[in-house]
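Coordinates as given in structure_16.cif (mmCIF, C-alpha atoms):
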data_coords
#
loop_
_atom_site.label_atom_id
_atom_site.label_comp_id
_atom_site.auth_asym_id
_atom_site.auth_seq_id
_atom_site.Cartn_x
_atom_site.Cartn_y
_atom_site.Cartn_z
CA MET A 1 103.38 69.57 122.87
CA GLU A 2 106.28 71.98 122.49
CA VAL A 3 108.44 71.94 119.40
CA PRO A 4 112.10 72.25 120.43
CA ALA A 5 114.42 74.37 118.36
CA ALA A 6 116.74 72.37 116.14
CA ASP A 7 120.37 72.33 117.20
CA PRO A 8 122.47 73.85 114.37
CA ARG A 9 125.22 71.39 115.27
CA ARG A 10 123.01 68.55 113.99
CA TRP A 11 123.60 69.86 110.49
CA ARG A 12 126.57 68.46 108.65
CA SER A 13 128.31 70.85 106.28
CA LEU A 14 131.35 70.99 104.05
CA PRO A 15 134.06 73.62 104.67
CA GLU A 16 132.84 77.22 104.53
CA SER A 17 134.58 77.79 101.20
CA GLU A 18 132.14 75.34 99.58
CA THR A 19 128.93 76.34 101.34
CA ALA A 20 126.54 79.26 101.46
CA GLU A 21 126.34 81.44 104.52
CA GLY A 22 123.67 80.97 107.19
CA GLU A 23 122.95 78.51 110.00
CA PRO A 24 119.87 76.35 109.31
CA LEU A 25 117.33 76.27 112.13
CA LEU A 26 113.94 74.66 112.67
CA VAL A 27 111.63 77.70 112.97
CA ALA A 28 108.09 76.28 112.84
CA GLU A 29 106.02 73.12 112.67
CA LEU A 30 102.45 72.41 111.58
CA LYS A 31 100.48 69.49 113.00
CA PRO A 32 97.12 68.37 111.60
CA GLY A 33 93.99 68.14 113.71
CA ARG A 34 92.21 64.92 112.75
CA PRO A 35 88.40 65.19 112.49
CA GLN A 36 86.53 62.26 113.98
CA GLN A 37 85.03 61.01 110.72
CA TYR A 38 88.51 60.34 109.31
CA ASP A 39 90.02 58.58 112.34
CA TRP A 40 89.51 55.12 110.86
CA LYS A 41 91.63 55.85 107.79
CA SER A 42 95.38 55.32 107.78
CA SER A 43 96.36 57.94 105.16
CA CYS A 44 97.57 60.90 107.18
CA GLU A 45 100.93 61.45 105.47
CA THR A 46 101.99 64.84 104.13
CA TRP A 47 102.82 63.71 100.61
CA SER A 48 103.26 67.19 99.19
CA VAL A 49 103.71 70.83 100.15
CA ALA A 50 103.88 73.92 97.93
CA PHE A 51 104.29 77.71 98.07
CA SER A 52 102.49 79.96 95.59
CA PRO A 53 104.78 81.88 93.16
CA ASP A 54 104.29 85.16 95.02
CA GLY A 55 104.81 83.51 98.40
CA SER A 56 101.36 84.48 99.70
CA TRP A 57 99.94 80.94 100.05
CA PHE A 58 101.16 77.62 101.42
CA ALA A 59 99.42 74.39 100.31
CA TRP A 60 99.49 71.28 102.48
CA SER A 61 98.12 67.85 101.51
CA GLN A 62 96.77 66.67 104.84
CA GLY A 63 95.72 63.22 103.70
CA HIS A 64 92.11 61.97 103.52
CA CYS A 65 91.52 63.80 100.20
CA ILE A 66 92.02 67.22 101.81
CA VAL A 67 94.27 70.13 100.79
CA LYS A 68 94.69 73.00 103.24
CA LEU A 69 95.61 76.45 101.89
CA LEU A 70 97.22 78.71 104.49
CA PRO A 71 98.10 82.42 104.09
CA TRP A 72 101.86 82.92 104.35
CA PRO A 73 103.76 83.90 106.45
CA LEU A 74 102.45 81.90 109.37
CA GLU A 75 101.70 83.88 112.47
CA GLY A 76 104.92 84.48 114.40
CA THR A 77 107.42 83.44 111.74
CA GLU A 78 108.22 86.99 110.59
CA GLN A 79 108.72 88.53 114.00
CA SER A 80 110.98 85.90 115.48
CA CYS A 81 112.62 82.53 114.91
CA LYS A 82 111.05 80.97 117.99
CA PRO A 83 109.49 77.53 117.48
CA LEU A 84 105.82 77.54 116.53
CA GLU A 85 103.31 74.73 116.78
CA ARG A 86 99.97 75.19 115.12
CA LYS A 87 97.07 72.77 114.75
CA SER A 88 94.93 73.06 111.64
CA GLN A 89 91.41 71.67 112.07
CA CYS A 90 90.07 70.27 108.81
CA THR A 91 86.48 70.58 110.03
CA LYS A 92 86.67 74.37 110.25
CA THR A 93 86.58 75.56 106.67
CA GLU A 94 86.76 79.28 106.00
CA PRO A 95 84.48 80.66 103.25
CA TRP A 96 85.92 81.20 99.80
CA GLY A 97 86.24 84.79 98.71
CA ARG A 98 88.44 87.41 97.12
CA GLY A 99 88.61 89.80 100.05
CA GLY A 100 91.26 89.06 102.67
CA ALA A 101 93.46 86.01 102.97
CA LYS A 102 91.79 83.24 104.96
CA GLU A 103 92.53 79.56 105.38
CA LYS A 104 90.85 77.49 102.69
CA THR A 105 90.11 73.80 102.26
CA LEU A 106 89.85 71.80 99.02
CA GLU A 107 87.94 68.51 99.02
CA CYS A 108 89.54 66.60 96.13
CA GLY A 109 87.62 63.34 96.37
CA GLN A 110 90.85 61.31 96.22
CA ILE A 111 94.05 61.15 98.28
CA VAL A 112 96.29 64.01 97.15
CA TRP A 113 99.88 63.05 96.30
CA GLY A 114 101.16 66.06 94.37
CA LEU A 115 100.67 69.85 94.58
CA ALA A 116 101.80 72.61 92.20
CA PHE A 117 100.98 76.33 92.04
CA SER A 118 101.03 78.56 88.97
CA SER A 119 99.84 82.02 87.94
CA LEU A 120 97.85 81.99 84.70
CA LEU A 121 96.52 84.93 82.72
CA PRO A 122 93.28 84.54 80.76
CA SER A 123 93.62 84.15 77.00
CA HIS A 124 91.23 83.49 74.12
CA SER A 125 92.59 79.95 73.81
CA ARG A 126 91.93 79.18 77.47
CA LYS A 127 88.51 80.74 78.00
CA HIS A 128 86.54 77.65 77.00
CA ILE A 129 88.76 75.48 79.20
CA LEU A 130 89.24 77.65 82.27
CA ARG A 131 85.71 79.07 82.28
CA VAL A 132 87.03 82.64 82.09
CA PRO A 133 89.12 82.92 85.28
CA SER A 134 89.82 86.18 87.05
CA VAL A 135 92.43 88.59 85.70
CA SER A 136 94.87 87.52 88.40
CA CYS A 137 94.39 83.75 88.33
CA LEU A 138 96.36 81.73 90.84
CA VAL A 139 95.83 78.03 90.13
CA LEU A 140 96.72 74.89 92.05
CA ALA A 141 97.25 71.49 90.39
CA THR A 142 96.59 68.41 92.53
CA GLY A 143 97.88 64.94 91.60
CA LEU A 144 95.39 62.36 92.82
CA ASN A 145 95.18 58.72 93.79
CA ASP A 146 93.01 57.84 90.77
CA GLY A 147 95.65 59.00 88.27
CA HIS A 148 93.97 62.32 87.49
CA ILE A 149 95.37 65.84 87.86
CA LYS A 150 92.82 68.45 88.89
CA VAL A 151 93.48 72.16 88.33
CA TRP A 152 91.77 74.60 90.72
CA GLU A 153 91.37 78.36 90.91
CA VAL A 154 92.64 79.26 94.38
CA GLN A 155 90.54 82.36 95.07
CA THR A 156 87.20 80.75 94.24
CA GLY A 157 87.90 77.07 94.85
CA LYS A 158 86.49 76.19 91.40
CA GLU A 159 87.68 73.12 89.55
CA LEU A 160 89.03 74.34 86.19
CA LYS A 161 90.33 71.25 84.40
CA VAL A 162 90.96 67.52 84.88
CA LEU A 163 93.95 65.91 83.12
CA SER A 164 93.75 62.18 82.39
CA GLY A 165 96.58 59.99 81.15
CA HIS A 166 98.03 58.13 84.13
CA VAL A 167 96.91 54.65 85.16
CA GLN A 168 98.44 54.88 88.64
CA TRP A 169 98.32 57.55 91.31
CA VAL A 170 100.14 60.80 90.51
CA TYR A 171 103.12 60.90 92.87
CA CYS A 172 104.07 64.46 91.97
CA CYS A 173 103.25 67.33 89.62
CA CYS A 174 104.91 70.68 88.97
CA ILE A 175 104.25 73.68 86.71
CA SER A 176 107.02 75.62 85.03
CA PRO A 177 107.41 79.20 86.36
CA ASP A 178 106.62 80.60 82.91
CA GLY A 179 103.31 78.72 83.03
CA HIS A 180 103.87 76.85 79.76
CA MET A 181 104.40 73.26 80.94
CA LEU A 182 103.25 70.83 83.61
CA CYS A 183 105.27 67.75 84.55
CA SER A 184 103.79 64.73 86.31
CA ALA A 185 105.12 61.44 87.68
CA ALA A 186 102.92 58.44 88.44
CA GLY A 187 104.82 55.37 89.59
CA GLU A 188 106.52 54.74 86.24
CA LYS A 189 110.14 54.96 85.11
CA SER A 190 109.27 58.06 83.13
CA ALA A 191 107.78 61.52 83.65
CA LEU A 192 105.18 63.20 81.44
CA LEU A 193 105.34 66.77 80.13
CA TRP A 194 102.04 68.53 79.38
CA SER A 195 101.20 71.83 77.69
CA MET A 196 99.39 74.24 80.02
CA SER A 197 97.78 76.04 77.07
CA SER A 198 96.28 73.01 75.32
CA TYR A 199 96.55 70.47 78.18
CA ARG A 200 97.96 67.94 75.71
CA LEU A 201 100.88 65.58 76.28
CA LEU A 202 104.14 67.02 74.88
CA ARG A 203 106.68 64.28 75.56
CA ARG A 204 107.65 61.41 77.83
CA LEU A 205 111.00 61.66 79.66
CA GLU A 206 112.65 58.24 79.99
CA GLY A 207 115.96 57.49 81.67
CA HIS A 208 115.36 56.39 85.26
CA GLN A 209 115.72 52.74 86.32
CA GLY A 210 113.15 53.08 89.12
CA CYS A 211 109.82 54.78 89.72
CA VAL A 212 109.95 58.58 89.33
CA VAL A 213 108.46 60.08 92.49
CA SER A 214 109.25 63.81 92.28
CA CYS A 215 109.81 66.55 89.71
CA GLU A 216 110.58 70.26 89.78
CA PHE A 217 111.33 73.05 87.27
CA SER A 218 114.15 75.53 87.78
CA PRO A 219 113.17 79.18 88.40
CA ASP A 220 113.91 80.10 84.76
CA SER A 221 111.98 77.04 83.43
CA ALA A 222 115.13 75.92 81.56
CA LEU A 223 115.81 72.83 83.71
CA LEU A 224 113.66 70.02 85.03
CA ALA A 225 114.82 67.81 87.91
CA THR A 226 113.30 64.35 88.46
CA ALA A 227 113.95 62.12 91.48
CA SER A 228 113.50 58.36 91.52
CA TYR A 229 113.64 55.31 93.76
CA ASP A 230 116.79 54.40 91.80
CA GLN A 231 118.61 56.97 94.04
CA PHE A 232 119.34 59.34 91.13
CA VAL A 233 118.25 62.88 90.36
CA ILE A 234 118.30 63.60 86.62
CA LEU A 235 118.49 67.13 85.26
CA TRP A 236 116.68 67.52 81.91
CA ASP A 237 116.23 70.16 79.27
CA PRO A 238 112.40 70.18 79.12
CA CYS A 239 112.42 71.85 75.69
CA THR A 240 114.37 69.05 74.02
CA GLY A 241 114.01 66.13 76.45
CA GLU A 242 117.81 65.82 76.69
CA GLN A 243 119.48 64.52 79.88
CA LEU A 244 122.05 67.04 81.11
CA ARG A 245 123.33 65.59 84.39
CA SER A 246 122.71 62.90 87.03
CA LEU A 247 123.20 63.28 90.79
CA CYS A 248 123.64 60.09 92.82
CA HIS A 249 122.64 59.77 96.49
CA VAL A 250 125.12 57.91 98.65
CA PRO A 251 123.72 57.06 102.14
CA LEU A 252 125.82 58.55 104.93
CA GLN A 253 125.86 55.58 107.28
CA SER A 254 127.93 57.42 109.89
CA VAL A 255 125.09 59.80 110.70
CA LEU A 256 122.26 57.23 110.73
CA ASP A 257 120.82 55.36 113.69
CA HIS A 258 119.13 52.50 111.84
CA GLY A 259 120.20 49.01 110.77
CA SER A 260 121.70 47.96 107.47
CA ASP A 261 118.33 46.61 106.25
CA PHE A 262 116.94 50.13 105.93
CA HIS A 263 116.27 51.17 102.30
CA ALA A 264 118.30 54.35 102.61
CA SER A 265 118.89 54.92 98.92
CA SER A 266 115.29 55.68 97.93
CA LEU A 267 114.59 59.31 97.04
CA ARG A 268 111.34 61.02 97.96
CA SER A 269 111.48 64.63 96.79
CA VAL A 270 113.53 67.23 94.93
CA CYS A 271 113.17 71.03 94.63
CA PHE A 272 115.11 74.02 93.28
CA SER A 273 116.13 77.05 95.32
CA PRO A 274 114.57 80.36 94.16
CA GLU A 275 117.80 81.63 92.59
CA GLY A 276 118.42 78.30 90.84
CA LEU A 277 121.86 77.63 92.34
CA TYR A 278 120.85 74.86 94.73
CA LEU A 279 118.75 71.70 94.87
CA ALA A 280 117.19 70.21 97.98
CA THR A 281 116.36 66.51 98.27
CA VAL A 282 114.72 64.27 100.84
CA ALA A 283 115.67 60.58 100.96
CA ASP A 284 114.87 57.55 103.10
CA ASP A 285 118.23 57.84 104.90
CA ARG A 286 116.50 60.48 107.07
CA LEU A 287 118.39 63.40 105.63
CA LEU A 288 117.53 66.63 103.89
CA ARG A 289 120.36 67.44 101.49
CA ILE A 290 121.17 70.76 99.89
CA TRP A 291 123.16 70.41 96.66
CA ALA A 292 125.26 73.04 94.91
CA LEU A 293 124.21 72.72 91.27
CA GLU A 294 127.58 73.64 89.76
CA LEU A 295 129.53 71.40 92.18
CA GLY A 296 127.18 68.48 91.67
CA LYS A 297 127.39 67.44 95.33
CA PRO A 298 125.68 68.15 98.67
CA VAL A 299 126.96 71.10 100.71
CA ALA A 300 124.69 70.76 103.76
CA PHE A 301 122.56 68.14 105.56
CA ALA A 302 119.74 68.20 108.12
CA PRO A 303 118.05 65.34 110.00
CA VAL A 304 114.50 64.81 108.70
CA LYS A 305 112.95 61.64 110.09
CA ASN A 306 110.47 59.91 107.77
CA GLY A 307 110.61 62.78 105.28
CA LEU A 308 108.40 62.59 102.17
CA CYS A 309 108.60 65.99 100.48
CA CYS A 310 110.37 69.34 100.46
CA THR A 311 109.93 72.76 98.87
CA TYR A 312 111.60 76.17 99.00
CA PHE A 313 109.86 79.43 99.89
CA PRO A 314 109.83 81.49 96.62
CA HIS A 315 111.79 84.36 98.15
CA GLY A 316 114.42 82.09 99.70
CA GLY A 317 115.59 81.41 103.22
CA ILE A 318 113.04 78.71 104.14
CA ILE A 319 112.60 75.03 103.22
CA ALA A 320 109.40 73.18 104.17
CA THR A 321 109.54 69.41 104.68
CA GLY A 322 106.59 67.02 105.10
CA THR A 323 106.66 63.71 106.97
CA ARG A 324 104.81 60.42 107.26
CA ASP A 325 103.07 61.51 110.49
CA GLY A 326 101.45 64.43 108.67
CA HIS A 327 103.67 67.10 110.21
CA ILE A 328 105.45 69.92 108.39
CA GLN A 329 108.75 71.42 109.49
CA PHE A 330 110.11 74.77 108.29
CA TRP A 331 113.90 75.12 108.11
CA THR A 332 116.05 78.14 107.44
CA ALA A 333 118.08 77.48 104.29
CA PRO A 334 121.57 78.56 103.23
CA GLN A 335 121.54 81.49 100.82
CA ALA A 336 124.11 82.73 98.33
CA LEU A 337 124.56 85.79 96.16
CA SER A 338 124.10 84.94 92.48
CA SER A 339 126.87 85.92 90.07
CA LEU A 340 126.11 88.43 87.34
CA LYS A 341 126.72 85.68 84.79
CA HIS A 342 124.08 83.43 86.37
CA LEU A 343 121.61 86.32 86.73
CA CYS A 344 121.95 87.10 83.02
CA ARG A 345 121.35 83.45 82.14
CA LYS A 346 118.33 83.29 84.42
CA VAL A 347 116.76 86.39 82.82
CA LEU A 348 117.45 85.23 79.25
CA ARG A 349 116.22 81.68 79.81
CA GLY A 350 113.08 83.01 81.42
CA ARG A 351 112.20 84.51 78.02
CA PHE A 352 113.86 82.28 75.41
CA SER A 353 113.57 78.53 74.84
CA THR A 354 116.54 76.26 74.15
CA HIS A 355 115.77 76.29 70.43
CA GLN A 356 115.69 80.10 70.38
CA VAL A 357 119.00 80.35 72.25
CA LEU A 358 120.71 77.88 69.89
CA ALA A 359 119.58 80.02 66.94
CA LEU A 360 121.24 83.18 68.31
CA PRO A 361 124.38 84.46 66.49
CA ILE A 362 126.62 84.08 69.58
CA PRO A 363 129.71 81.95 70.36
CA LYS A 364 129.23 78.22 70.96
CA LYS A 365 130.55 78.37 74.53
CA MET A 366 128.02 81.06 75.38
CA LYS A 367 125.23 78.92 73.96
CA GLU A 368 126.41 75.95 76.05
CA PHE A 369 126.37 78.06 79.19
CA LEU A 370 122.92 79.51 78.50
CA THR A 371 121.49 76.04 77.82
CA TYR A 372 123.14 74.51 80.93
CA ARG A 373 125.34 72.21 78.83
CA THR A 374 128.28 73.16 81.07
CA LEU A 375 126.85 71.51 84.19
#
How does this structure look as structure tokens?
Amino acid sequence: MEVPAADPRRWRSLPESETAEGEPLLVAELKPGRPQQYDWKSSCETWSVAFSPDGSWFAWSQGHCIVKLLPWPLEGTEQSCKPLERKSQCTKTEPWGRGGAKEKTLECGQIVWGLAFSSLLPSHSRKHILRVPSVSCLVLATGLNDGHIKVWEVQTGKELKVLSGHVQWVYCCCISPDGHMLCSAAGEKSALLWSMSSYRLLRRLEGHQGCVVSCEFSPDSALLATASYDQFVILWDPCTGEQLRSLCHVPLQSVLDHGSDFHASSLRSVCFSPEGLYLATVADDRLLRIWALELGKPVAFAPVKNGLCCTYFPHGGIIATGTRDGHIQFWTAPQALSSLKHLCRKVLRGRFSTHQVLALPIPKKMKEFLTYRTL
């Protein structure tokens, strides 16, 4: 089956003065190959997708307790923007090893709902927990159907740690870029923040009126976005637990082809762009939205039927979306040049916590900007 190129005219955008440059296009699609022993099960949805911090791996929850790890970029995506269809057979598992990038498969024992990459360095405090990982330790956290979060070492496929604390399945998990915190959401009106050094619960974030289904840290680890069935995205300060801003999804009925009984307000996923200026969300109104953080409103839309999750490529330019039929679509994403002011904030917040910034002998307005209180 051929994958047709997406028509750029199907995107809805605001005037050019309010949007980033670049025409979004559908450039590739992954379709799962279903092994015979799993045909009787109904869980084939792509509930989560994730890129590794260095952009060298792409993780795909294929349903049936399986996570596929694919070397990035996919064959053909660098040379051209022609559509690509690729079937990934779960029954053909490449051997684990440190030499050369090969496709890998994780058998998690439970349906995988959430995926999150992080790069961890070995330390004396972690050795007894992580079983002395390699010097360059790329880890993958998987949120499972039984309420557990399993942490894996990508290169070896070893299970490093199991976090317990949720009574329902873990919808989503994410790890802060600085590697200090993990956030998880499990069908409750709150999200949990964990320490990645001690693996203990730090705080519970409460404020949503519906189940929290997605969470994501900003590139500088200074913001945390949570998305809920209540149609709101809340931006938090993860250091203090303070709510900074709420973004409300309003269904665009004029671009939909379904009846009024469709639950179009429910959110499914949220993610930050690599430079931290934009948010992407997927909702049940069949749209992928790209939000300008400072404007607090969407600046571009794309049609994503039955979308469940979305994530940005770490170096920008690509958004991956997963759907109920198990497919993954890769879209080109609008890009913008960061201001010097934002770049300075990003660098500083990547090194200093909110409490450290507030203790600096600098003007109040500068502190408010650095701590995102001006959103």
Return as a PDB file with C-alpha atoms, keeping the file's coordinate frame the set of residues that the PyMOL selection byres ((chain A and resi 192-204) around 8) yields on the displayed structure.
ATOM      1  CA  SER A 125      92.590  79.950  73.810  1.00  0.00           C
ATOM      2  CA  ARG A 126      91.930  79.180  77.470  1.00  0.00           C
ATOM      3  CA  LEU A 163      93.950  65.910  83.120  1.00  0.00           C
ATOM      4  CA  GLY A 179     103.310  78.720  83.030  1.00  0.00           C
ATOM      5  CA  HIS A 180     103.870  76.850  79.760  1.00  0.00           C
ATOM      6  CA  MET A 181     104.400  73.260  80.940  1.00  0.00           C
ATOM      7  CA  LEU A 182     103.250  70.830  83.610  1.00  0.00           C
ATOM      8  CA  CYS A 183     105.270  67.750  84.550  1.00  0.00           C
ATOM      9  CA  SER A 184     103.790  64.730  86.310  1.00  0.00           C
ATOM     10  CA  ALA A 185     105.120  61.440  87.680  1.00  0.00           C
ATOM     11  CA  SER A 190     109.270  58.060  83.130  1.00  0.00           C
ATOM     12  CA  ALA A 191     107.780  61.520  83.650  1.00  0.00           C
ATOM     13  CA  LEU A 205     111.000  61.660  79.660  1.00  0.00           C
ATOM     14  CA  GLU A 206     112.650  58.240  79.990  1.00  0.00           C
ATOM     15  CA  PRO A 238     112.400  70.180  79.120  1.00  0.00           C
ATOM     16  CA  GLY A 241     114.010  66.130  76.450  1.00  0.00           C
TER      17      GLY A 241
END
Picked residues, the PyMOL selection byres ((chain A and resi 54-70) around 9), as a ChimeraX atom specification: /A:32,38,41-53,71-74,88,90,101-117,119,140,142,144-145,154,313-315,322,326-328
If the PyMOL selection byres ((chain A and resi 268) around 6) is run on the structure shown, which residues does it catch, given as an mmCIF file with C-alpha atoms, keeping the file's coordinate frame?
data_model
loop_
_atom_site.group_PDB
_atom_site.id
_atom_site.type_symbol
_atom_site.label_atom_id
_atom_site.label_comp_id
_atom_site.auth_asym_id
_atom_site.auth_seq_id
_atom_site.Cartn_x
_atom_site.Cartn_y
_atom_site.Cartn_z
ATOM 1 C CA LEU A 267 114.590 59.310 97.040
ATOM 2 C CA SER A 269 111.480 64.630 96.790
ATOM 3 C CA VAL A 282 114.720 64.270 100.840
ATOM 4 C CA ALA A 283 115.670 60.580 100.960
ATOM 5 C CA LEU A 308 108.400 62.590 102.170
#
Range 341-358 of chain A surroundings by all atoms listed in the file, 9 Å radius, close-in-sequence under 3 positions cut, as a ChimeraX atom specification: /A:177-178,219-222,237-240,275-277,338,361-362,364,367-371
Closest of A:Lys31, A:Lys305, A:Arg373, A:Lys189 to Gln243 in chain A - atom-to-atom distances counting all atoms listed in the file: A:Arg373
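Proximity of A:Ser218, A:Ser339, A:Ser228, A:Glu242 to Asp284 in chain A, computed with all atoms listed in the file, is greatest for A:Ser228.
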Point-to-point distance from CA of Leu160 in chain A to CA of Ser214 in chain A, Å rounded to tenths: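 Taking CA of Leu160 in chain A and CA of Ser214 in chain A, their separation equals 23.6 Å.
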For Leu279 in chain A: contacts at 10 Å, all atoms listed in the file, fewer than 5 positions along chain excluded, given as a ChimeraX atom specification: /A:216,218,225,233,270-274,289-293,296-298,311-312
Between CA of Cys173 in chain A and CA of Glu153 in chain A - distance in Å to one decimal: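 Separation of CA of Glu153 in chain A and CA of Cys173 in chain A: 16.3 Å.
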All residues 7 Å or closer to Thr332 in chain A, all atoms listed in the file, same chain fewer than 2 positions away omitted, as a list in words: Pro24, Leu25, Leu26, Gly317, Ile318, Ile319, Phe330 and Pro334 of chain A
